[in-house]
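Dropping upload_35.pdb in here (PDB, C-alpha atoms):
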```
ATOM      1  CA  MET A   1     125.397  87.249 128.809
ATOM      2  CA  LEU A   2     123.159  84.821 130.627
ATOM      3  CA  THR A   3     124.404  81.277 131.068
ATOM      4  CA  THR A   4     123.241  78.191 132.947
ATOM      5  CA  ARG A   5     126.675  78.077 134.597
ATOM      6  CA  PHE A   6     125.102  80.195 137.299
ATOM      7  CA  ALA A   7     127.391  82.528 139.215
ATOM      8  CA  ASP A   8     126.336  83.965 142.561
ATOM      9  CA  GLY A   9     124.212  87.038 141.874
ATOM     10  CA  ALA A  10     123.109  85.963 138.393
ATOM     11  CA  PRO A  11     119.478  85.197 137.473
ATOM     12  CA  ASP A  12     118.878  81.457 137.878
ATOM     13  CA  TRP A  13     115.087  81.142 138.030
ATOM     14  CA  ILE A  14     111.945  82.979 136.967
ATOM     15  CA  ASP A  15     108.263  82.397 137.553
ATOM     16  CA  VAL A  16     104.883  83.990 136.993
ATOM     17  CA  GLY A  17     101.886  84.207 139.296
ATOM     18  CA  SER A  18      98.449  84.022 137.690
ATOM     19  CA  PRO A  19      94.825  84.066 138.854
ATOM     20  CA  ASP A  20      94.087  81.480 136.137
ATOM     21  CA  ILE A  21      97.058  79.221 135.454
ATOM     22  CA  ASP A  22      95.248  77.407 132.629
ATOM     23  CA  THR A  23      94.725  80.632 130.672
ATOM     24  CA  THR A  24      98.296  81.685 131.375
ATOM     25  CA  THR A  25      99.584  78.307 130.239
ATOM     26  CA  ALA A  26      97.606  78.560 126.996
ATOM     27  CA  PHE A  27      98.926  82.084 126.328
ATOM     28  CA  TYR A  28     102.621  81.300 126.762
ATOM     29  CA  GLY A  29     102.209  77.958 125.052
ATOM     30  CA  ALA A  30     100.907  79.647 121.921
ATOM     31  CA  LEU A  31     103.387  82.527 122.151
ATOM     32  CA  PHE A  32     106.632  80.657 122.895
ATOM     33  CA  GLY A  33     105.800  76.991 122.405
ATOM     34  CA  TRP A  34     106.015  76.248 126.139
ATOM     35  CA  ARG A  35     104.360  73.212 127.717
ATOM     36  CA  PHE A  36     103.328  73.187 131.386
ATOM     37  CA  ARG A  37     104.232  70.303 133.686
ATOM     38  CA  SER A  38     102.867  70.126 137.222
ATOM     39  CA  ALA A  39     105.389  69.925 140.053
ATOM     40  CA  GLY A  40     103.134  67.388 141.774
ATOM     41  CA  PRO A  41     100.167  67.190 144.124
ATOM     42  CA  ASP A  42     102.078  68.727 147.040
ATOM     43  CA  ALA A  43     103.240  71.815 145.098
ATOM     44  CA  GLY A  44     100.075  73.908 145.468
ATOM     45  CA  GLY A  45      99.512  74.152 141.726
ATOM     46  CA  TYR A  46     103.105  75.151 140.963
ATOM     47  CA  GLY A  47     104.562  73.793 137.758
ATOM     48  CA  PHE A  48     107.242  74.178 135.125
ATOM     49  CA  PHE A  49     107.120  75.737 131.683
ATOM     50  CA  GLN A  50     109.228  73.603 129.370
ATOM     51  CA  LEU A  51     110.542  74.019 125.859
ATOM     52  CA  ASP A  52     111.591  70.804 124.113
ATOM     53  CA  GLY A  53     111.709  69.107 127.516
ATOM     54  CA  ARG A  54     113.917  71.753 129.157
ATOM     55  CA  THR A  55     112.588  73.997 131.925
ATOM     56  CA  VAL A  56     112.588  77.702 131.063
ATOM     57  CA  ALA A  57     110.355  79.106 133.845
ATOM     58  CA  GLY A  58     107.869  78.309 136.582
ATOM     59  CA  GLY A  59     104.228  79.211 137.047
ATOM     60  CA  MET A  60     101.753  79.156 139.902
ATOM     61  CA  PRO A  61      98.231  80.176 140.852
ATOM     62  CA  ALA A  62      98.114  83.518 142.661
ATOM     63  CA  GLY A  63      94.957  84.244 144.616
ATOM     64  CA  PRO A  64      93.627  87.425 146.236
ATOM     65  CA  GLY A  65      96.046  89.012 148.653
ATOM     66  CA  GLN A  66      99.112  87.644 146.847
ATOM     67  CA  GLY A  67      99.724  90.766 144.803
ATOM     68  CA  PRO A  68      98.990  91.460 141.142
ATOM     69  CA  PRO A  69      99.910  88.903 138.447
ATOM     70  CA  ALA A  70     103.618  89.346 137.797
ATOM     71  CA  TRP A  71     106.877  87.752 136.771
ATOM     72  CA  THR A  72     109.484  87.354 139.513
ATOM     73  CA  VAL A  73     113.186  87.165 138.684
ATOM     74  CA  TYR A  74     115.289  85.080 141.107
ATOM     75  CA  PHE A  75     119.017  85.562 141.627
ATOM     76  CA  ARG A  76     121.422  82.854 142.729
ATOM     77  CA  SER A  77     122.775  82.955 146.247
ATOM     78  CA  SER A  78     124.790  80.376 148.145
ATOM     79  CA  ASP A  79     123.079  81.581 151.340
ATOM     80  CA  ALA A  80     119.477  82.789 151.026
ATOM     81  CA  ARG A  81     119.279  83.642 154.730
ATOM     82  CA  ALA A  82     122.352  85.875 154.539
ATOM     83  CA  ALA A  83     120.953  87.593 151.440
ATOM     84  CA  ALA A  84     117.673  88.292 153.238
ATOM     85  CA  GLU A  85     119.516  89.700 156.246
ATOM     86  CA  ALA A  86     121.660  91.881 153.982
ATOM     87  CA  ALA A  87     118.536  93.193 152.245
ATOM     88  CA  GLY A  88     117.055  94.256 155.566
ATOM     89  CA  GLN A  89     120.286  95.956 156.601
ATOM     90  CA  ALA A  90     120.350  97.810 153.258
ATOM     91  CA  HIS A  91     116.838  99.232 153.859
ATOM     92  CA  GLY A  92     115.059  96.642 151.749
ATOM     93  CA  ARG A  93     112.275  94.273 152.833
ATOM     94  CA  VAL A  94     111.825  90.558 153.314
ATOM     95  CA  LEU A  95     108.505  89.767 151.626
ATOM     96  CA  LEU A  96     108.837  85.994 151.979
ATOM     97  CA  PRO A  97     111.529  84.650 154.318
ATOM     98  CA  PRO A  98     113.901  81.900 153.166
ATOM     99  CA  THR A  99     111.970  78.663 152.780
ATOM    100  CA  ASP A 100     112.981  75.139 151.838
ATOM    101  CA  VAL A 101     111.275  74.031 148.613
ATOM    102  CA  MET A 102     110.894  70.263 148.956
ATOM    103  CA  GLY A 103     114.655  69.782 148.998
ATOM    104  CA  GLN A 104     115.070  71.416 145.596
ATOM    105  CA  GLY A 105     116.575  74.550 147.130
ATOM    106  CA  HIS A 106     115.758  77.524 149.332
ATOM    107  CA  MET A 107     113.834  80.521 148.057
ATOM    108  CA  ALA A 108     113.068  83.971 149.388
ATOM    109  CA  VAL A 109     111.279  86.998 147.968
ATOM    110  CA  LEU A 110     112.736  90.373 148.865
ATOM    111  CA  GLY A 111     112.076  93.999 148.044
ATOM    112  CA  ASP A 112     114.830  96.475 147.276
ATOM    113  CA  ARG A 113     115.004  99.900 148.899
ATOM    114  CA  ALA A 114     112.755 101.404 146.178
ATOM    115  CA  GLY A 115     110.207  98.589 146.519
ATOM    116  CA  ALA A 116     111.046  96.459 143.473
ATOM    117  CA  PRO A 117     110.403  92.792 144.369
ATOM    118  CA  PHE A 118     112.892  90.080 143.420
ATOM    119  CA  GLY A 119     113.614  86.512 144.388
ATOM    120  CA  ILE A 120     116.551  84.595 145.788
ATOM    121  CA  TRP A 121     117.203  80.984 144.811
ATOM    122  CA  GLN A 122     119.761  78.985 146.769
ATOM    123  CA  PRO A 123     120.204  75.775 144.756
ATOM    124  CA  GLY A 124     119.638  72.355 146.246
ATOM    125  CA  ARG A 125     118.836  69.551 143.860
ATOM    126  CA  THR A 126     117.677  72.140 141.316
ATOM    127  CA  GLU A 127     120.374  74.520 140.087
ATOM    128  CA  GLY A 128     118.007  76.725 138.099
ATOM    129  CA  VAL A 129     116.348  76.865 134.709
ATOM    130  CA  ASP A 130     117.705  74.528 132.029
ATOM    131  CA  LEU A 131     117.815  76.968 129.133
ATOM    132  CA  VAL A 132     118.658  80.656 128.653
ATOM    133  CA  GLY A 133     119.588  82.875 125.736
ATOM    134  CA  GLU A 134     117.756  80.868 123.066
ATOM    135  CA  PRO A 135     114.371  81.616 121.445
ATOM    136  CA  GLY A 136     111.640  81.140 124.026
ATOM    137  CA  ALA A 137     114.008  81.403 126.994
ATOM    138  CA  LEU A 138     115.146  84.180 129.326
ATOM    139  CA  CYS A 139     117.885  86.310 127.765
ATOM    140  CA  TRP A 140     118.097  89.571 129.769
ATOM    141  CA  VAL A 141     116.659  91.305 132.848
ATOM    142  CA  GLU A 142     116.184  94.995 133.492
ATOM    143  CA  LEU A 143     115.509  96.947 136.670
ATOM    144  CA  TYR A 144     113.371 100.072 136.403
ATOM    145  CA  THR A 145     114.170 102.222 139.420
ATOM    146  CA  PRO A 146     113.908 105.878 140.486
ATOM    147  CA  ASP A 147     117.557 106.007 141.603
ATOM    148  CA  VAL A 148     120.086 103.904 139.690
ATOM    149  CA  ALA A 149     122.982 104.790 142.000
ATOM    150  CA  ALA A 150     121.034 103.756 145.112
ATOM    151  CA  ALA A 151     119.889 100.545 143.407
ATOM    152  CA  ALA A 152     123.455  99.724 142.369
ATOM    153  CA  ALA A 153     124.634 100.135 145.963
ATOM    154  CA  PHE A 154     121.791  97.963 147.273
ATOM    155  CA  TYR A 155     122.388  95.053 144.898
ATOM    156  CA  ARG A 156     126.145  95.273 145.409
ATOM    157  CA  ARG A 157     125.620  94.805 149.142
ATOM    158  CA  VAL A 158     122.960  92.067 148.878
ATOM    159  CA  LEU A 159     124.113  90.084 145.829
ATOM    160  CA  GLY A 160     127.634  91.323 145.126
ATOM    161  CA  LEU A 161     126.597  92.743 141.752
ATOM    162  CA  GLU A 162     128.653  95.282 139.845
ATOM    163  CA  THR A 163     127.479  97.944 137.411
ATOM    164  CA  SER A 164     129.260  99.575 134.499
ATOM    165  CA  GLY A 165     128.425 102.198 131.903
ATOM    166  CA  VAL A 166     127.827 100.957 128.363
ATOM    167  CA  ASP A 167     127.832 103.566 125.596
ATOM    168  CA  PHE A 168     125.259 103.265 122.834
ATOM    169  CA  PRO A 169     123.754 105.723 120.329
ATOM    170  CA  GLY A 170     121.829 108.278 122.340
ATOM    171  CA  GLY A 171     123.350 107.762 125.746
ATOM    172  CA  THR A 172     124.906 105.466 128.332
ATOM    173  CA  TYR A 173     123.272 102.315 129.647
ATOM    174  CA  THR A 174     123.966 100.957 133.127
ATOM    175  CA  GLY A 175     124.840  97.281 132.732
ATOM    176  CA  VAL A 176     124.863  94.863 135.652
ATOM    177  CA  GLY A 177     126.559  91.520 136.252
ATOM    178  CA  PRO A 178     128.139  89.313 138.934
ATOM    179  CA  GLY A 179     130.996  90.922 140.839
ATOM    180  CA  GLY A 180     134.444  90.216 139.426
ATOM    181  CA  ALA A 181     133.120  88.380 136.370
ATOM    182  CA  GLY A 182     133.754  91.121 133.794
ATOM    183  CA  ASP A 183     131.569  92.641 131.084
ATOM    184  CA  ASP A 184     131.131  89.317 129.291
ATOM    185  CA  ALA A 185     129.039  88.096 132.243
ATOM    186  CA  MET A 186     126.682  91.095 132.109
ATOM    187  CA  PHE A 187     123.103  89.801 132.297
ATOM    188  CA  GLY A 188     121.000  92.934 132.536
ATOM    189  CA  GLY A 189     120.746  96.620 133.196
ATOM    190  CA  MET A 190     119.279  99.356 135.357
ATOM    191  CA  VAL A 191     117.105 102.072 133.827
ATOM    192  CA  PRO A 192     115.851 105.293 135.477
ATOM    193  CA  LEU A 193     112.072 105.199 135.704
ATOM    194  CA  ALA A 194     111.929 108.791 134.510
ATOM    195  CA  ASP A 195     113.590 107.762 131.220
ATOM    196  CA  ALA A 196     111.402 104.701 130.592
ATOM    197  CA  SER A 197     108.219 105.524 128.723
ATOM    198  CA  GLY A 198     105.277 103.536 130.053
ATOM    199  CA  GLU A 199     107.213 101.954 132.932
ATOM    200  CA  ALA A 200     106.983 104.700 135.559
ATOM    201  CA  GLN A 201     103.260 104.084 136.106
ATOM    202  CA  ASP A 202     104.088 100.539 137.261
ATOM    203  CA  GLY A 203     106.594 101.610 139.900
ATOM    204  CA  PRO A 204     110.017 100.026 140.449
ATOM    205  CA  HIS A 205     110.268  96.498 139.066
ATOM    206  CA  TRP A 206     112.454  93.911 137.353
ATOM    207  CA  LEU A 207     111.447  93.136 133.763
ATOM    208  CA  PRO A 208     112.418  89.806 132.173
ATOM    209  CA  TYR A 209     113.281  89.598 128.462
ATOM    210  CA  PHE A 210     112.718  86.450 126.415
ATOM    211  CA  ALA A 211     114.635  85.777 123.221
ATOM    212  CA  VAL A 212     112.653  85.561 119.974
ATOM    213  CA  THR A 213     113.490  85.415 116.282
ATOM    214  CA  ASP A 214     110.818  87.919 115.131
ATOM    215  CA  THR A 215     109.809  90.632 117.579
ATOM    216  CA  ASP A 216     107.066  92.087 115.386
ATOM    217  CA  ALA A 217     105.387  88.724 114.856
ATOM    218  CA  VAL A 218     105.496  87.875 118.568
ATOM    219  CA  ALA A 219     104.072  91.277 119.562
ATOM    220  CA  ALA A 220     101.205  90.898 117.086
ATOM    221  CA  LEU A 221     100.522  87.362 118.288
ATOM    222  CA  ALA A 222     100.511  88.459 121.934
ATOM    223  CA  GLU A 223      97.709  90.908 121.163
ATOM    224  CA  ARG A 224      95.706  88.291 119.282
ATOM    225  CA  LEU A 225      96.048  85.959 122.275
ATOM    226  CA  GLY A 226      94.591  88.536 124.668
ATOM    227  CA  GLY A 227      97.809  90.159 125.846
ATOM    228  CA  ALA A 228      98.916  93.750 125.369
ATOM    229  CA  VAL A 229     101.730  95.633 123.661
ATOM    230  CA  ARG A 230     103.093  98.103 126.199
ATOM    231  CA  MET A 231     105.907  99.367 123.964
ATOM    232  CA  PRO A 232     105.707  98.585 120.235
ATOM    233  CA  PRO A 233     108.589  96.847 118.467
ATOM    234  CA  THR A 234     111.606  99.157 118.462
ATOM    235  CA  THR A 235     115.080  98.746 117.038
ATOM    236  CA  VAL A 236     117.933  99.484 119.449
ATOM    237  CA  PRO A 237     121.137 100.003 117.413
ATOM    238  CA  GLY A 238     123.805  97.498 118.332
ATOM    239  CA  VAL A 239     121.351  95.389 120.343
ATOM    240  CA  GLY A 240     118.383  94.251 118.283
ATOM    241  CA  ARG A 241     114.635  94.683 118.069
ATOM    242  CA  THR A 242     112.641  94.688 121.284
ATOM    243  CA  ALA A 243     109.070  95.124 122.510
ATOM    244  CA  ARG A 244     107.507  95.310 125.967
ATOM    245  CA  LEU A 245     104.396  93.188 126.407
ATOM    246  CA  ALA A 246     101.936  91.937 129.023
ATOM    247  CA  ASP A 247     100.047  88.661 129.283
ATOM    248  CA  PRO A 248      96.212  88.549 129.553
ATOM    249  CA  PHE A 249      96.380  89.234 133.305
ATOM    250  CA  GLY A 250      98.879  92.096 133.086
ATOM    251  CA  ALA A 251     102.130  90.320 134.001
ATOM    252  CA  ARG A 252     104.889  92.346 132.317
ATOM    253  CA  PHE A 253     107.663  90.937 130.146
ATOM    254  CA  ALA A 254     109.686  91.903 127.099
ATOM    255  CA  VAL A 255     111.002  90.148 124.018
ATOM    256  CA  LEU A 256     114.233  90.665 122.119
ATOM    257  CA  ALA A 257     115.440  89.542 118.719
ATOM    258  CA  SER A 258     119.154  90.267 118.965
ATOM    259  CA  GLU A 259     121.204  91.588 116.085
ATOM    260  CA  ALA A 260     123.486  88.576 116.512
ATOM    261  CA  SER A 261     120.618  86.102 116.030
ATOM    262  CA  ALA A 262     119.251  88.099 113.124
ATOM    263  CA  GLY A 263     122.642  87.963 111.453
TER
END
```
Is it possible to give me this structure as structure tokens?
Amino acid sequence: MLTTRFADGAPDWIDVGSPDIDTTTAFYGALFGWRFRSAGPDAGGYGFFQLDGRTVAGGMPAGPGQGPPAWTVYFRSSDARAAAEAAGQAHGRVLLPPTDVMGQGHMAVLGDRAGAPFGIWQPGRTEGVDLVGEPGALCWVELYTPDVAAAAAFYRRVLGLETSGVDFPGGTYTGVGPGGAGDDAMFGGMVPLADASGEAQDGPHWLPYFAVTDTDAVAALAERLGGAVRMPPTTVPGVGRTARLADPFGARFAVLASEASAG
């Protein structure tokens, strides 16, 4: 499970790029109850989405040439430069080299060997997001990739992650978590693109999941707010009810009402 006691290799930050940050702010504010707080005049429009005063994500303007609107998942590393070097050696790419972020930490954006982008966050004064696993906050991440075995080897080399098979009705799911931390620290999974309806057209990518209490209501609201339902609400036995959505500019995300929270 995700926790704010961030282990190396675990997700510790997430942000979304948007061509219109005001529209994006209004969408997620209505959907999850987030409020947007600017990071200051020197931050280039970057700011923080907060829920009850606790930071759950970041957001920033993304102009032409900066790629399509998208969520980026960042993973904790004690050495962003070493992670970037390891990615290059493992046939990945360095999309944005390690950079100091106003003393708050060092960030980098990398691409895995299949092309899925992801971030690295080396904490400074900011450890990561303040809240995970509760309604309106990040609760799971999933990698859609053409080759799960190759992806597992890449992330093991770059972030020290470990994968394990999890049986569920209809098949086996590839779970992923920090190395040596055990199944209880599992924070996400890897899914073959060929088995993921609607995801293959988007190419390899990491998909963030946000916890909700009512998946159907959130999916319906997302559509009313100008977003899209990419996979309608679906019950996954033993997990909960999930849906895959997109915001008004096409940034992909998913929501999950877990069986545990429903109970």
Evaluate the PyMOL selection byres ((chain A and resi 37) around 8) and report residues as number ranges by chain:
A: 35-36, 38-39, 47-50
Exercise: Gly17 (chain A) partners within 8 Å, only C-alpha atoms, chain neighbours under 6 positions left out, as a ChimeraX atom specification:
/A:59-62,69-71
Output of the above residues as an mmCIF file, in the coordinates of the input, restricted to C-alpha atoms:
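Done, and the output landed in selection-v8.cif:
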```
data_model
loop_
_atom_site.group_PDB
_atom_site.id
_atom_site.type_symbol
_atom_site.label_atom_id
_atom_site.label_comp_id
_atom_site.auth_asym_id
_atom_site.auth_seq_id
_atom_site.Cartn_x
_atom_site.Cartn_y
_atom_site.Cartn_z
ATOM 1 C CA GLY A 59 104.228 79.211 137.047
ATOM 2 C CA MET A 60 101.753 79.156 139.902
ATOM 3 C CA PRO A 61 98.231 80.176 140.852
ATOM 4 C CA ALA A 62 98.114 83.518 142.661
ATOM 5 C CA PRO A 69 99.910 88.903 138.447
ATOM 6 C CA ALA A 70 103.618 89.346 137.797
ATOM 7 C CA TRP A 71 106.877 87.752 136.771
#
```
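When the PyMOL selection byres ((chain A and resi 159) around 9) is evaluated against the file, it yields Asp8, Gly9, Ala10, Phe75, Arg76, Ser77, Ala83, Ala86, Phe154, Tyr155, Arg156, Arg157, Val158, Gly160, Leu161, Pro178 and Gly179 of chain A.
Of the residues under consideration (A:Asp100, A:Asp167, A:Glu127, A:Glu142), A:Glu142 shows the shortest atom-to-atom contact distance to Ala254 (chain A) when counting all atoms listed in the file.
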With region 206-229 of chain A as the partner and 9 Å as the cut-off, tabulate the residues of region 54-150 of chain A that qualify, each row holding the nearest pair of atoms and their distance in Å to one decimal, using all atoms listed in the file, sorted by chain and rising number, as a Markdown table.
```
| residue | atom | partner | partner_atom | distance |
| --- | --- | --- | --- | --- |
| A:Trp71 | CA | A:Pro208 | CA | 7.5 |
| A:Thr72 | CA | A:Trp206 | CA | 7.5 |
| A:Val73 | CA | A:Trp206 | CA | 6.9 |
| A:Ala116 | CA | A:Trp206 | CA | 6.8 |
| A:Pro117 | CA | A:Trp206 | CA | 7.4 |
| A:Phe118 | CA | A:Trp206 | CA | 7.2 |
| A:Val132 | CA | A:Ala211 | CA | 8.5 |
| A:Gly133 | CA | A:Ala211 | CA | 6.3 |
| A:Glu134 | CA | A:Ala211 | CA | 5.8 |
| A:Pro135 | CA | A:Ala211 | CA | 4.5 |
| A:Gly136 | CA | A:Ala211 | CA | 5.6 |
| A:Ala137 | CA | A:Phe210 | CA | 5.2 |
| A:Leu138 | CA | A:Phe210 | CA | 4.4 |
| A:Cys139 | CA | A:Phe210 | CA | 5.3 |
| A:Trp140 | CA | A:Tyr209 | CA | 5.0 |
| A:Val141 | CA | A:Pro208 | CA | 4.5 |
| A:Glu142 | CA | A:Leu207 | CA | 5.1 |
| A:Leu143 | CA | A:Trp206 | CA | 4.4 |
| A:Tyr144 | CA | A:Trp206 | CA | 6.3 |
| A:Thr145 | CA | A:Trp206 | CA | 8.7 |
```
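Reported to one decimal place, the separation of CA of Val56 (chain A) from CA of Val129 (chain A) is 5.3 Å.
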What's the separation between CA of Gly44 (chain A) and CA of Asp247 (chain A), in Å to one decimal place?
21.9 Å
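Running the PyMOL selection byres ((chain A and resi 191) around 9) on this file leaves A:Glu142, A:Leu143, A:Tyr144, A:Thr145, A:Pro146, A:Asp147, A:Val148, A:Tyr173, A:Thr174, A:Gly189, A:Met190, A:Pro192, A:Leu193, A:Ala194, A:Asp195, A:Ala196 selected.
With all atoms listed in the file as the basis for measurement, A:Leu131 is the residue among A:Ala260, A:Ala151, A:Leu131, A:Val176 that approaches Thr4 (chain A) most closely.
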Set the distance at 7 Å and use only C-alpha atoms: which residues neighbour Val94 (chain A) once local chain neighbours fewer than 4 positions away are removed? I'd like the list as an NGL selection string.
:A and (84 or 88 or 109-111)
Work out how far apart CA of Gly58 (chain A) and CA of Leu31 (chain A) are and give it in Å to one decimal.
15.7 Å
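Distances from A:Gly67, A:Gly238, A:Gly180, A:Gly45 to Ala251 (chain A) were compared using all atoms listed in the file, and the smallest one belongs to A:Gly67.
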